[in-house]
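Visitor: protein.cif is reproduced in full below (mmCIF, C-alpha atoms and all ligand atoms).
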```cif
data_my_file
loop_
_atom_site.label_atom_id
_atom_site.label_comp_id
_atom_site.auth_asym_id
_atom_site.auth_seq_id
_atom_site.Cartn_x
_atom_site.Cartn_y
_atom_site.Cartn_z
CA MET A 4 -33.08 136.15 -112.12
CA GLN A 5 -32.64 132.65 -113.28
CA GLY A 6 -32.99 130.05 -110.59
CA LEU A 7 -33.75 131.26 -107.16
CA THR A 8 -32.20 128.02 -106.02
CA MET A 9 -28.90 129.77 -106.53
CA PHE A 10 -30.05 132.48 -104.27
CA HIS A 11 -27.85 133.15 -101.30
CA CYS A 12 -28.88 135.36 -98.53
CA LEU A 13 -26.35 136.34 -95.97
CA THR A 14 -27.98 137.61 -92.89
CA HIS A 15 -25.95 139.28 -90.21
CA ARG A 16 -27.91 139.39 -87.05
CA ALA A 17 -25.19 141.49 -85.47
CA ASP A 18 -26.40 144.40 -87.54
CA ARG A 19 -27.23 147.47 -85.54
CA VAL A 20 -30.92 147.20 -86.20
CA GLY A 21 -31.01 143.51 -86.77
CA LEU A 22 -31.69 144.08 -90.43
CA GLY A 23 -29.62 141.72 -92.46
CA TRP A 24 -27.84 142.82 -95.53
CA CYS A 25 -28.42 140.58 -98.33
CA LEU A 26 -27.22 139.87 -101.76
CA LYS A 27 -29.06 138.14 -104.41
CA ILE A 28 -26.00 136.47 -105.68
CA ALA A 29 -27.63 134.75 -108.62
CA VAL A 30 -28.90 138.04 -109.94
CA PHE A 31 -25.77 139.79 -109.11
CA LEU A 32 -23.45 137.34 -110.79
CA THR A 33 -25.51 137.46 -113.94
CA PHE A 34 -25.39 141.19 -113.74
CA TRP A 35 -21.68 141.24 -113.04
CA GLN A 36 -20.93 138.82 -115.85
CA SER A 37 -22.74 140.98 -118.29
CA VAL A 38 -20.95 144.01 -116.93
CA THR A 39 -17.52 142.44 -117.04
CA CYS A 40 -18.28 141.12 -120.49
CA LEU A 41 -19.46 144.49 -121.59
CA PHE A 42 -16.57 146.38 -120.24
CA ALA A 43 -13.60 144.13 -120.15
CA GLN A 44 -13.45 140.66 -121.60
CA PRO A 45 -15.36 140.17 -124.83
CA SER A 46 -14.63 136.46 -124.70
CA CYS A 47 -16.25 135.66 -121.38
CA ALA A 48 -19.83 135.35 -122.56
CA THR A 49 -21.45 132.12 -123.52
CA LYS A 50 -23.51 132.00 -126.70
CA GLU A 51 -26.65 132.50 -124.73
CA GLU A 52 -25.41 135.67 -123.22
CA TYR A 53 -24.26 136.93 -126.58
CA LYS A 54 -27.25 139.11 -127.28
CA ASP A 55 -26.55 141.21 -124.22
CA LYS A 56 -22.87 141.36 -124.90
CA ILE A 57 -23.34 144.45 -126.99
CA HIS A 58 -20.61 146.98 -126.58
CA LEU A 59 -21.69 150.01 -124.74
CA ARG A 60 -21.76 152.89 -127.14
CA THR A 61 -18.63 154.96 -127.30
CA PHE A 62 -20.66 158.11 -127.42
CA VAL A 63 -22.58 159.16 -124.39
CA ASP A 64 -24.27 162.46 -123.85
CA ASN A 65 -23.33 163.40 -120.32
CA ASP A 66 -25.18 166.69 -119.98
CA SER A 67 -28.74 166.47 -121.13
CA LEU A 68 -31.41 165.74 -118.58
CA VAL A 69 -32.99 162.31 -118.99
CA THR A 70 -36.35 161.63 -117.38
CA ILE A 71 -37.20 158.01 -116.76
CA PRO A 72 -40.87 157.12 -116.41
CA ILE A 73 -41.53 154.76 -113.54
CA VAL A 74 -44.40 152.42 -112.88
CA ILE A 75 -44.73 151.15 -109.33
CA HIS A 76 -46.51 147.83 -108.91
CA VAL A 77 -47.69 147.46 -105.33
CA ILE A 78 -48.37 143.80 -104.61
CA PHE A 79 -49.93 143.33 -101.21
CA GLY A 80 -51.33 140.67 -98.96
CA ASP A 81 -52.44 142.58 -95.85
CA GLU A 82 -53.42 146.23 -96.01
CA ASP A 83 -50.21 147.22 -94.21
CA GLN A 84 -48.30 146.04 -97.26
CA ASN A 85 -50.44 148.28 -99.47
CA VAL A 86 -48.09 151.27 -99.28
CA ASP A 87 -50.09 154.47 -99.77
CA ASP A 88 -49.61 156.99 -102.58
CA GLU A 89 -48.07 159.57 -100.30
CA ARG A 90 -45.24 157.26 -99.30
CA LEU A 91 -44.70 156.27 -102.94
CA LEU A 92 -44.40 159.92 -103.91
CA GLY A 93 -42.00 160.65 -101.07
CA GLN A 94 -39.82 157.79 -102.29
CA ILE A 95 -39.66 159.15 -105.85
CA ARG A 96 -38.75 162.55 -104.42
CA ARG A 97 -35.84 161.01 -102.49
CA LEU A 98 -34.70 159.10 -105.59
CA ASN A 99 -34.65 162.32 -107.59
CA GLU A 100 -32.79 164.22 -104.90
CA ASP A 101 -30.12 161.54 -104.73
CA PHE A 102 -29.66 161.29 -108.50
CA ARG A 103 -29.58 165.07 -108.97
CA ARG A 104 -27.35 165.64 -105.93
CA LEU A 105 -30.08 167.72 -104.36
CA ASN A 106 -30.17 165.47 -101.31
CA PRO A 107 -30.26 167.31 -97.97
CA ASP A 108 -27.05 165.66 -96.75
CA THR A 109 -24.52 166.58 -99.45
CA ALA A 110 -22.62 168.49 -96.75
CA LEU A 111 -21.70 165.12 -95.24
CA THR A 112 -19.65 164.16 -98.31
CA PRO A 113 -16.00 164.40 -97.18
CA ALA A 114 -13.96 167.21 -98.77
CA LEU A 115 -11.72 164.61 -100.42
CA PHE A 116 -14.64 163.31 -102.48
CA LYS A 117 -16.55 166.52 -103.15
CA ASP A 118 -14.92 166.99 -106.58
CA VAL A 119 -16.10 163.65 -107.90
CA ALA A 120 -19.62 163.84 -106.44
CA ALA A 121 -22.02 163.95 -109.38
CA ASP A 122 -25.37 165.30 -110.44
CA THR A 123 -26.21 162.39 -112.75
CA LYS A 124 -28.71 164.47 -114.73
CA VAL A 125 -31.04 161.51 -114.57
CA GLU A 126 -34.52 162.08 -113.14
CA PHE A 127 -37.54 159.93 -112.55
CA CYS A 128 -41.26 160.55 -112.73
CA LEU A 129 -44.35 158.46 -112.21
CA ALA A 130 -45.63 157.70 -115.71
CA GLU A 131 -48.69 159.68 -116.77
CA ILE A 132 -49.36 157.62 -119.86
CA ASP A 133 -49.68 153.85 -119.67
CA PRO A 134 -48.68 151.31 -122.38
CA TRP A 135 -52.24 151.51 -123.80
CA SER A 136 -51.93 155.31 -124.18
CA GLU A 137 -54.40 155.97 -121.36
CA SER A 138 -53.66 158.37 -118.57
CA THR A 139 -52.37 156.80 -115.39
CA LYS A 140 -50.95 157.60 -111.98
CA GLY A 141 -48.01 155.31 -112.70
CA ILE A 142 -49.12 153.00 -109.89
CA THR A 143 -50.76 149.57 -110.08
CA ARG A 144 -52.17 147.77 -107.05
CA THR A 145 -52.64 144.02 -106.91
CA GLN A 146 -53.81 141.94 -103.99
CA THR A 147 -52.10 138.59 -103.74
CA PHE A 148 -52.31 135.51 -101.57
CA VAL A 149 -48.73 134.50 -102.25
CA ASN A 150 -46.45 134.91 -99.25
CA GLU A 151 -42.89 136.15 -99.77
CA ILE A 152 -43.79 136.76 -103.39
CA GLY A 153 -40.54 138.66 -103.97
CA LEU A 154 -38.68 135.40 -103.50
CA THR A 155 -40.68 133.66 -106.18
CA GLN A 156 -40.91 134.17 -109.93
CA ARG A 157 -44.52 135.22 -109.45
CA TYR A 158 -44.25 138.91 -108.64
CA TRP A 159 -43.71 139.83 -112.30
CA GLN A 160 -46.49 137.61 -113.67
CA SER A 161 -50.15 138.60 -113.42
CA ALA A 162 -51.28 135.04 -114.06
CA LEU A 163 -49.38 133.85 -110.99
CA GLY A 164 -50.54 136.39 -108.45
CA GLY A 165 -48.20 139.23 -109.36
CA GLN A 166 -48.25 141.99 -111.95
CA ASP A 167 -46.80 141.87 -115.47
CA ALA A 168 -44.16 144.45 -116.25
CA TRP A 169 -44.91 147.38 -118.51
CA ASP A 170 -42.62 147.46 -121.57
CA GLN A 171 -39.15 147.69 -120.06
CA ASN A 172 -37.84 149.64 -123.02
CA ARG A 173 -40.17 152.47 -122.08
CA TYR A 174 -40.64 152.23 -118.30
CA LEU A 175 -38.64 151.40 -115.21
CA ASN A 176 -40.72 148.80 -113.37
CA ILE A 177 -40.58 148.78 -109.58
CA TRP A 178 -42.38 146.08 -107.62
CA VAL A 179 -43.11 146.83 -103.98
CA CYS A 180 -44.01 143.67 -102.10
CA GLU A 181 -43.07 141.32 -99.32
CA ILE A 182 -39.71 139.80 -100.16
CA VAL A 183 -39.04 137.80 -96.99
CA GLU A 184 -41.34 137.73 -94.03
CA ASP A 185 -38.58 138.59 -91.57
CA GLY A 186 -37.61 141.66 -93.61
CA SER A 187 -34.03 140.51 -94.04
CA ILE A 188 -33.89 141.38 -97.74
CA ALA A 189 -34.51 145.03 -98.47
CA GLY A 190 -34.40 144.88 -102.25
CA PHE A 191 -32.73 143.64 -105.40
CA ALA A 192 -32.50 144.57 -109.05
CA GLU A 193 -32.27 142.91 -112.41
CA ALA A 194 -29.96 144.97 -114.60
CA ALA A 195 -31.12 146.86 -117.67
CA LYS A 196 -30.56 144.91 -120.86
CA MET A 197 -31.05 145.24 -124.56
CA GLU A 198 -33.73 142.57 -124.66
CA PRO A 199 -35.34 142.70 -121.26
CA ALA A 200 -36.69 139.61 -119.59
CA GLY A 201 -40.00 139.84 -117.77
CA ALA A 202 -38.33 140.53 -114.47
CA GLU A 203 -36.09 143.42 -115.48
CA GLY A 204 -36.48 146.17 -112.96
CA ILE A 205 -36.36 146.60 -109.21
CA VAL A 206 -38.00 144.88 -106.26
CA ILE A 207 -38.17 146.63 -102.89
CA ASP A 208 -39.68 145.19 -99.73
CA TYR A 209 -42.70 147.28 -98.63
CA ARG A 210 -40.98 148.03 -95.29
CA TYR A 211 -38.11 149.87 -96.96
CA PHE A 212 -39.98 151.81 -99.62
CA GLY A 213 -40.36 155.50 -98.89
CA ILE A 214 -39.21 157.71 -96.08
CA LEU A 215 -40.29 156.17 -92.82
CA THR A 216 -41.20 158.14 -89.75
CA SER A 217 -38.06 156.80 -88.14
CA GLY A 218 -36.38 159.12 -90.63
CA MET A 219 -32.99 158.40 -92.08
CA SER A 220 -31.99 155.71 -89.62
CA SER A 221 -30.65 152.49 -91.09
CA PHE A 222 -32.83 151.59 -94.09
CA GLY A 223 -35.71 153.98 -93.45
CA GLY A 224 -34.48 156.86 -95.60
CA GLY A 225 -35.59 155.58 -98.98
CA ARG A 226 -32.10 154.76 -100.18
CA THR A 227 -32.64 151.10 -100.88
CA LEU A 228 -34.27 152.33 -104.09
CA THR A 229 -31.36 154.67 -104.85
CA HIS A 230 -28.93 151.76 -104.42
CA GLU A 231 -30.98 149.31 -106.49
CA THR A 232 -31.47 151.86 -109.24
CA GLY A 233 -27.67 152.04 -109.40
CA HIS A 234 -27.60 148.24 -109.92
CA TRP A 235 -30.33 148.48 -112.55
CA LEU A 236 -28.16 150.97 -114.43
CA GLY A 237 -25.10 148.74 -114.41
CA LEU A 238 -23.30 149.72 -111.22
CA SER A 239 -21.71 147.11 -109.02
CA HIS A 240 -21.03 147.47 -105.33
CA ILE A 241 -18.24 149.89 -104.64
CA TRP A 242 -15.82 147.25 -103.33
CA GLY A 243 -16.35 145.02 -106.39
CA VAL A 244 -17.92 141.56 -106.55
CA GLU A 245 -15.57 139.97 -104.08
CA THR A 246 -13.54 140.96 -101.09
CA GLY A 247 -10.01 141.95 -101.96
CA CYS A 248 -7.88 144.78 -103.28
CA ALA A 249 -7.40 143.14 -106.67
CA ILE A 250 -11.10 143.39 -107.43
CA ASP A 251 -12.47 146.71 -108.46
CA ASP A 252 -15.93 148.00 -109.33
CA GLY A 253 -14.78 149.03 -112.81
CA ILE A 254 -15.17 152.71 -112.00
CA GLU A 255 -12.10 154.90 -112.01
CA ASP A 256 -12.95 157.53 -109.45
CA THR A 257 -14.18 155.22 -106.69
CA PRO A 258 -11.16 154.21 -104.59
CA LEU A 259 -10.19 150.55 -104.32
CA GLN A 260 -11.90 149.10 -101.29
CA LEU A 261 -11.30 145.79 -99.55
CA ASP A 262 -14.86 144.95 -98.53
CA ARG A 263 -18.31 146.32 -97.73
CA TYR A 264 -19.06 148.65 -94.87
CA ARG A 265 -22.26 148.48 -92.89
CA GLY A 266 -23.83 150.68 -90.25
CA CYS A 267 -22.35 154.13 -90.03
CA PRO A 268 -18.54 154.09 -89.89
CA THR A 269 -16.63 157.07 -88.56
CA TYR A 270 -14.66 158.94 -91.17
CA PRO A 271 -11.96 158.27 -92.31
CA GLN A 272 -11.56 154.56 -92.96
CA GLN A 273 -8.81 153.11 -95.09
CA SER A 274 -8.18 149.96 -97.06
CA CYS A 275 -6.12 148.98 -100.08
CA GLY A 276 -3.87 151.99 -99.47
CA SER A 277 -6.51 154.68 -99.88
CA GLU A 278 -9.37 156.34 -98.08
CA ASP A 279 -12.61 154.47 -98.58
CA MET A 280 -15.75 156.03 -100.01
CA PHE A 281 -18.10 154.15 -97.69
CA MET A 282 -20.67 156.96 -98.01
CA ASN A 283 -21.24 156.03 -101.66
CA PHE A 284 -24.79 154.89 -102.51
CA MET A 285 -23.29 151.64 -103.79
CA ASP A 286 -21.81 150.61 -100.45
CA LEU A 287 -24.02 148.94 -97.84
CA THR A 288 -23.94 151.59 -95.14
CA ASP A 289 -27.05 153.00 -93.48
CA ASP A 290 -29.28 155.40 -95.35
CA ALA A 291 -28.27 158.22 -93.04
CA CYS A 292 -24.61 157.66 -93.88
CA MET A 293 -24.63 157.49 -97.69
CA ASN A 294 -24.79 160.57 -99.85
CA LEU A 295 -23.12 160.37 -103.27
CA PHE A 296 -22.68 158.85 -106.69
CA THR A 297 -19.45 159.78 -108.51
CA GLU A 298 -18.80 161.21 -111.97
CA GLY A 299 -17.53 157.77 -113.04
CA GLN A 300 -20.70 156.08 -111.83
CA LYS A 301 -22.77 158.74 -113.59
CA GLU A 302 -20.92 158.06 -116.84
CA ARG A 303 -21.46 154.30 -116.53
CA MET A 304 -25.16 154.65 -115.74
CA ARG A 305 -25.76 157.03 -118.64
CA ARG A 306 -23.82 154.78 -121.00
CA VAL A 307 -25.96 151.79 -120.00
CA LEU A 308 -29.09 153.88 -120.51
CA PHE A 309 -27.91 155.27 -123.80
CA THR A 310 -26.97 151.86 -125.17
CA PHE A 311 -29.82 149.72 -123.88
CA LYS A 312 -32.68 152.14 -123.29
CA PRO A 313 -32.51 154.85 -125.98
CA ASN A 314 -36.28 155.23 -125.90
CA LEU A 315 -36.10 156.51 -122.37
CA TRP A 316 -34.28 159.58 -123.73
CA ILE A 317 -36.76 160.59 -126.35
CA GLN A 318 -40.22 159.88 -125.03
CA ASP A 319 -42.41 161.99 -122.79
CA LEU A 320 -44.51 159.50 -120.89
CA CYS A 321 -44.50 161.83 -117.92
CA GLU A 322 -46.61 164.42 -119.66
CA ASN A 323 -50.28 163.79 -119.99
CA PRO A 324 -51.32 164.49 -123.61
CA THR A 325 -54.87 165.41 -122.68
CA THR A 326 -53.53 168.62 -121.15
CA SER A 327 -51.69 169.44 -124.39
CA SER A 328 -52.95 172.35 -126.50
CA LEU A 329 -51.58 170.91 -129.75
CA SER A 330 -53.90 169.99 -132.58
CA PRO A 331 -54.60 166.24 -132.80
CA ASP A 332 -52.70 166.11 -136.09
CA LEU A 333 -49.58 167.50 -134.48
CA GLN A 334 -49.98 165.27 -131.44
CA ARG A 335 -50.12 162.19 -133.61
CA MET A 336 -47.21 163.17 -135.77
CA HIS A 337 -44.01 161.31 -135.08
CA LEU A 338 -40.49 160.70 -136.34
CA PHE A 339 -38.89 157.35 -137.03
CA PRO A 340 -36.59 155.56 -136.64
CA ASN A 341 -35.36 157.15 -133.46
CA PRO A 342 -32.51 156.58 -132.51
CA THR A 343 -31.23 156.93 -136.05
CA ARG A 344 -27.94 156.53 -137.88
CA GLY A 345 -28.85 159.46 -140.09
CA HIS A 346 -32.17 159.14 -141.89
CA LEU A 347 -35.49 160.16 -140.43
CA ARG A 348 -38.99 159.95 -141.76
CA ILE A 349 -42.02 161.84 -140.58
CA SER A 350 -45.50 160.43 -140.28
CA LEU A 351 -47.58 163.35 -141.44
CA GLY A 352 -51.18 162.15 -141.17
CA ASN A 353 -53.31 165.00 -142.47
CA LEU A 354 -50.52 167.54 -142.24
CA THR A 355 -49.12 168.93 -145.45
CA LEU A 356 -45.50 169.49 -146.33
CA ASN A 357 -46.07 173.16 -146.17
CA HIS A 358 -44.26 173.72 -142.88
CA ARG A 359 -40.74 174.36 -141.70
CA ILE A 360 -38.45 172.40 -139.48
CA GLN A 361 -35.48 173.55 -137.48
CA ILE A 362 -32.81 171.32 -136.00
CA ARG A 363 -30.79 172.54 -133.05
CA ASN A 364 -28.14 171.05 -130.85
CA LEU A 365 -28.47 171.08 -127.07
CA GLN A 366 -26.60 174.37 -126.88
CA GLY A 367 -29.44 175.86 -128.89
CA GLN A 368 -27.40 176.50 -132.06
CA MET A 369 -29.42 176.22 -135.24
CA LEU A 370 -27.96 173.53 -137.50
CA SER A 371 -30.64 173.42 -140.13
CA TYR A 372 -33.76 175.39 -140.97
CA ARG A 373 -35.72 174.36 -144.00
CA GLN A 374 -38.94 173.30 -145.60
CA LEU A 375 -40.41 170.11 -144.20
CA ASP A 376 -39.74 167.08 -146.32
CA GLU A 377 -40.87 163.51 -145.78
CA GLY A 378 -37.28 162.37 -145.51
CA ILE A 379 -34.72 164.19 -143.41
CA SER A 380 -31.05 163.34 -143.22
CA ILE A 381 -28.75 164.17 -140.34
CA SER A 382 -25.99 161.80 -141.51
CA ASP A 383 -23.42 164.56 -141.45
CA PHE A 384 -24.09 165.46 -137.79
CA PRO A 385 -21.85 163.96 -135.10
CA PRO A 386 -23.50 161.41 -132.78
CA GLY A 387 -25.51 163.12 -130.11
CA LEU A 388 -28.85 164.39 -129.03
CA TYR A 389 -30.65 166.95 -131.24
CA LEU A 390 -33.87 168.87 -131.06
CA LEU A 391 -36.06 168.97 -134.12
CA THR A 392 -38.89 171.49 -134.10
CA LEU A 393 -41.74 171.47 -136.54
CA GLU A 394 -43.40 174.84 -137.01
CA THR A 395 -46.93 175.02 -138.31
CA GLY A 396 -48.98 178.18 -138.07
CA ASP A 397 -48.92 179.29 -134.46
CA GLN A 398 -48.08 175.83 -133.15
CA SER A 399 -44.85 173.93 -132.90
CA LYS A 400 -43.77 170.53 -131.73
CA THR A 401 -40.27 169.57 -130.67
CA PHE A 402 -38.78 166.09 -130.81
CA LYS A 403 -35.62 164.78 -129.25
CA ILE A 404 -33.60 162.76 -131.73
CA ILE A 405 -30.70 160.49 -130.95
CA LYS A 406 -28.08 160.21 -133.66
CA THR A 407 -25.97 157.11 -132.99
CA ASP A 408 -22.57 156.12 -134.31
N1 LIG B 1 -29.77 144.45 -100.00
C1 LIG B 1 -29.51 145.44 -100.94
C2 LIG B 1 -28.39 145.13 -101.93
O1 LIG B 1 -27.33 144.73 -101.57
C3 LIG B 1 -29.79 146.83 -100.55
C4 LIG B 1 -28.95 147.55 -99.57
C5 LIG B 1 -29.47 148.95 -99.43
N2 LIG B 1 -28.77 149.76 -98.46
C6 LIG B 1 -29.35 150.78 -97.81
N3 LIG B 1 -28.66 151.50 -96.96
N4 LIG B 1 -30.60 151.08 -97.98
O2 LIG B 1 -28.56 145.27 -103.15
ZN ZN B 2 -26.52 146.02 -103.74
CA CA B 3 -13.03 151.90 -108.41
#
```
Go through the file and emit its structure as structure tokens.
Guide:
Amino acid sequence: MQGLTMFHCLTHRADRVGLGWCLKIAVFLTFWQSVTCLFAQPSCATKEEYKDKIHLRTFVDNDSLVTIPIVIHVIFGDEDQNVDDERLLGQIRRLNEDFRRLNPDTALTPALFKDVAADTKVEFCLAEIDPWSESTKGITRTQTFVNEIGLTQRYWQSALGGQDAWDQNRYLNIWVCEIVEDGSIAGFAEAAKMEPAGAEGIVIDYRYFGILTSGMSSFGGGRTLTHETGHWLGLSHIWGVETGCAIDDGIEDTPLQLDRYRGCPTYPQQSCGSEDMFMNFMDLTDDACMNLFTEGQKERMRRVLFTFKPNLWIQDLCENPTTSSLSPDLQRMHLFPNPTRGHLRISLGNLTLNHRIQIRNLQGQMLSYRQLDEGISISDFPPGLYLLTLETGDQSKTFKIIKTD
């Protein structure tokens, strides 16, 4: 989000509801550059960008369920910008429905695209443990006197009237605030990276967060967050970064598309010699008229997560430890490093070595069952996600381990 001076906002007053669509081009170009660098042209990055130009891992686990802890930072001026808990919860519900393809409108996906419509197996929860290991609702509320704070660099800085992000390697940060007074920008995202800057995450204008009483019309169905979460996880708009049939979104199973659609087009529409998937969450149609991510988009999003945010796969910040029945020793025990190339160590605290561990794959097959040792090697396992269970007396604790290539 370097330089809001580069910010372009294209407002189309002819929109059905007068709500402009808008692109934060500065953000988006940065995002697109890193994506194109990541996926296509290793030589396009400058030195500065180099640290993010890490190749996406070849291995990606496409089946396991990943739960991403969210923190919502509500930054408000007037009380009407102080979106209440109920609306926040309704928004997370909609996000989960869309990502798990449990949305109520899957029937509206045209037959032609039903086969590629995906359950991404990515879910979201409001964090129950904060960065200081205290229990939390996963919501912060900050009153501010800065107008249009979403347009400034202040929203992500507590010292400047906003709210600092929680560690972006462990949480998805969503700021809900006023972006522009006239409501012409619904939201934007700063893509997930290896070394996150303070602003990594998503910003949604308070008027478009949650399911509004006007229901699914235009932008009131909570899908601005679905769309921006796609950007955060490395998706570009479905037609690509520019108008034209030569420019693609880098995803195989989304048809080439000339340009954006807005409003609610009648089906079918064609461009570039194929039927357009204007009901994809990454087009700019109305909330009531979008209903799918594809398998290709799922793969890309999971690959971005797996490469840049491995900790989101192995932690359980959605479960409050004070409700756990495990002994404090077991609760404290942990494995490191994780992700690992093969070797793991266990921090035992007061526990003795007199316990057993089992290692299973996600299909539940037992790969190893042995006496606990301080060092464990899984070097001979293929890259993937494994479950390691420590058994002690009548208690057990299971860890998710990522073995990388
Ligand atoms: N302005 C946004 C963007 O281009 C969000 C568009 C969201 N669309 C929607 N139907 N809610 O990133
Ligand atoms: Zn967008
Ligand atoms: Ca495509």
Visitor: Can you tell me, as a PyMOL selection string, what residues are no more than 12 Å from Pro268 in chain A when counting all atoms listed in the file, ignoring any on the same chain fewer than 2 positions away?
Guide: chain A and resi 19+263-266+270-273+279-282+286-289+291-293
Visitor: Let's have the selection written as an mmCIF file, in the coordinates of the input, with C-alpha atoms.
Guide:
```
data_model
loop_
_atom_site.group_PDB
_atom_site.id
_atom_site.type_symbol
_atom_site.label_atom_id
_atom_site.label_comp_id
_atom_site.auth_asym_id
_atom_site.auth_seq_id
_atom_site.Cartn_x
_atom_site.Cartn_y
_atom_site.Cartn_z
ATOM 1 C CA ARG A 19 -27.230 147.470 -85.540
ATOM 2 C CA ARG A 263 -18.310 146.320 -97.730
ATOM 3 C CA TYR A 264 -19.060 148.650 -94.870
ATOM 4 C CA ARG A 265 -22.260 148.480 -92.890
ATOM 5 C CA GLY A 266 -23.830 150.680 -90.250
ATOM 6 C CA TYR A 270 -14.660 158.940 -91.170
ATOM 7 C CA PRO A 271 -11.960 158.270 -92.310
ATOM 8 C CA GLN A 272 -11.560 154.560 -92.960
ATOM 9 C CA GLN A 273 -8.810 153.110 -95.090
ATOM 10 C CA ASP A 279 -12.610 154.470 -98.580
ATOM 11 C CA MET A 280 -15.750 156.030 -100.010
ATOM 12 C CA PHE A 281 -18.100 154.150 -97.690
ATOM 13 C CA MET A 282 -20.670 156.960 -98.010
ATOM 14 C CA ASP A 286 -21.810 150.610 -100.450
ATOM 15 C CA LEU A 287 -24.020 148.940 -97.840
ATOM 16 C CA THR A 288 -23.940 151.590 -95.140
ATOM 17 C CA ASP A 289 -27.050 153.000 -93.480
ATOM 18 C CA ALA A 291 -28.270 158.220 -93.040
ATOM 19 C CA CYS A 292 -24.610 157.660 -93.880
ATOM 20 C CA MET A 293 -24.630 157.490 -97.690
#
```
Visitor: Identify, on the basis of all atoms listed in the file, every residue whose closest approach to Arg363 in chain A does not exceed 8 Å; exclude the query and any residue fewer than 4 positions from it along the same chain; express the result as a list of chain:residue names.
Guide: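 So the residues in contact are A:Gly367, A:Gln368, A:Met369, A:Leu370, A:Ser371, A:Tyr389, A:Leu390, A:Leu391.
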Visitor: Using only C-alpha atoms and all ligand atoms, find each protein or nucleic acid residue lying at most 9 Å from ligand LIG 1 (chain B); present the set as a PyMOL selection string.
Guide: chain A and resi 23-27+31+187-192+207+211+221-231+234+240+265-266+284-293
Visitor: I'd like the contact shell of Phe102 in chain A - 7 Å cut-off, all atoms listed in the file, skipping same-chain residues fewer than 6 positions apart - returned as a ChimeraX atom specification.
Guide: /A:122-123,125-126
Visitor: Chain A near ligand CA 3 (chain B) within 10 Å: what's each residue's closest atom pair and its distance in Å to one decimal, counting all atoms listed in the file, ordered by chain then ascending residue number, as a Markdown table?
Guide:
```
| residue | atom | partner | partner_atom | distance |
| --- | --- | --- | --- | --- |
| A:Ser239 | CA | B:CA3 | CA | 9.9 |
| A:His240 | CA | B:CA3 | CA | 9.6 |
| A:Ile241 | CA | B:CA3 | CA | 6.7 |
| A:Trp242 | CA | B:CA3 | CA | 7.4 |
| A:Gly243 | CA | B:CA3 | CA | 7.9 |
| A:Ile250 | CA | B:CA3 | CA | 8.8 |
| A:Asp251 | CA | B:CA3 | CA | 5.2 |
| A:Asp252 | CA | B:CA3 | CA | 4.9 |
| A:Gly253 | CA | B:CA3 | CA | 5.5 |
| A:Ile254 | CA | B:CA3 | CA | 4.3 |
| A:Glu255 | CA | B:CA3 | CA | 4.8 |
| A:Asp256 | CA | B:CA3 | CA | 5.7 |
| A:Thr257 | CA | B:CA3 | CA | 3.9 |
| A:Pro258 | CA | B:CA3 | CA | 4.8 |
| A:Leu259 | CA | B:CA3 | CA | 5.2 |
| A:Gln260 | CA | B:CA3 | CA | 7.7 |
| A:Met280 | CA | B:CA3 | CA | 9.7 |
| A:Gly299 | CA | B:CA3 | CA | 8.7 |
| A:Gln300 | CA | B:CA3 | CA | 9.4 |
```
Visitor: If you count all atoms listed in the file, which residues fall within 8 Å of Leu388 in chain A, apart from same-chain ones fewer than 5 positions away, as a VMD selection string?
Guide: chain A and resid 64 364 to 365 403 to 406
Visitor: When you count only C-alpha atoms and all ligand atoms, which of these residues is closest to ligand ZN 2 (chain B): A:Gly153, A:Pro113, A:Gly237, A:Gly378?
Guide: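 Ranked by minimum distance to ligand ZN 2 (chain B), first place goes to A:Gly237.
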Visitor: In file coordinates, which residues lie within 12 Å of (-41.2, 139.5, -95.0) using only C-alpha atoms, given as a compact mmCIF listing (two decimals) with C-alpha atoms, in the coordinates of the input?
Guide:
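Saved file selection.txt follows:
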```
# COMPACT_ATOMS: atom_id res chain seq x y z
CA LEU A 22 -31.69 144.08 -90.43
CA PHE A 79 -49.93 143.33 -101.21
CA GLY A 80 -51.33 140.67 -98.96
CA ASP A 81 -52.44 142.58 -95.85
CA ASP A 83 -50.21 147.22 -94.21
CA GLN A 84 -48.30 146.04 -97.26
CA VAL A 149 -48.73 134.50 -102.25
CA ASN A 150 -46.45 134.91 -99.25
CA GLU A 151 -42.89 136.15 -99.77
CA ILE A 152 -43.79 136.76 -103.39
CA GLY A 153 -40.54 138.66 -103.97
CA LEU A 154 -38.68 135.40 -103.50
CA VAL A 179 -43.11 146.83 -103.98
CA CYS A 180 -44.01 143.67 -102.10
CA GLU A 181 -43.07 141.32 -99.32
CA ILE A 182 -39.71 139.80 -100.16
CA VAL A 183 -39.04 137.80 -96.99
CA GLU A 184 -41.34 137.73 -94.03
CA ASP A 185 -38.58 138.59 -91.57
CA GLY A 186 -37.61 141.66 -93.61
CA SER A 187 -34.03 140.51 -94.04
CA ILE A 188 -33.89 141.38 -97.74
CA ALA A 189 -34.51 145.03 -98.47
CA GLY A 190 -34.40 144.88 -102.25
CA ILE A 207 -38.17 146.63 -102.89
CA ASP A 208 -39.68 145.19 -99.73
CA TYR A 209 -42.70 147.28 -98.63
CA ARG A 210 -40.98 148.03 -95.29
CA TYR A 211 -38.11 149.87 -96.96
```
Visitor: Return the single residue from A:Thr109, A:Ser330, A:Gln366, A:Gln146 that is closest to Gly396 in chain A, with distances computed using all atoms listed in the file.
Guide: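 Once distances to Gly396 in chain A are computed over all atoms listed in the file, the minimum belongs to A:Ser330.
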Visitor: Between CA of Cys267 in chain A and CA of Gly247 in chain A, what is the distance, to one decimal in Å?
Guide: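 Straight-line distance from CA of Cys267 in chain A to CA of Gly247 in chain A works out to 21.0 Å.
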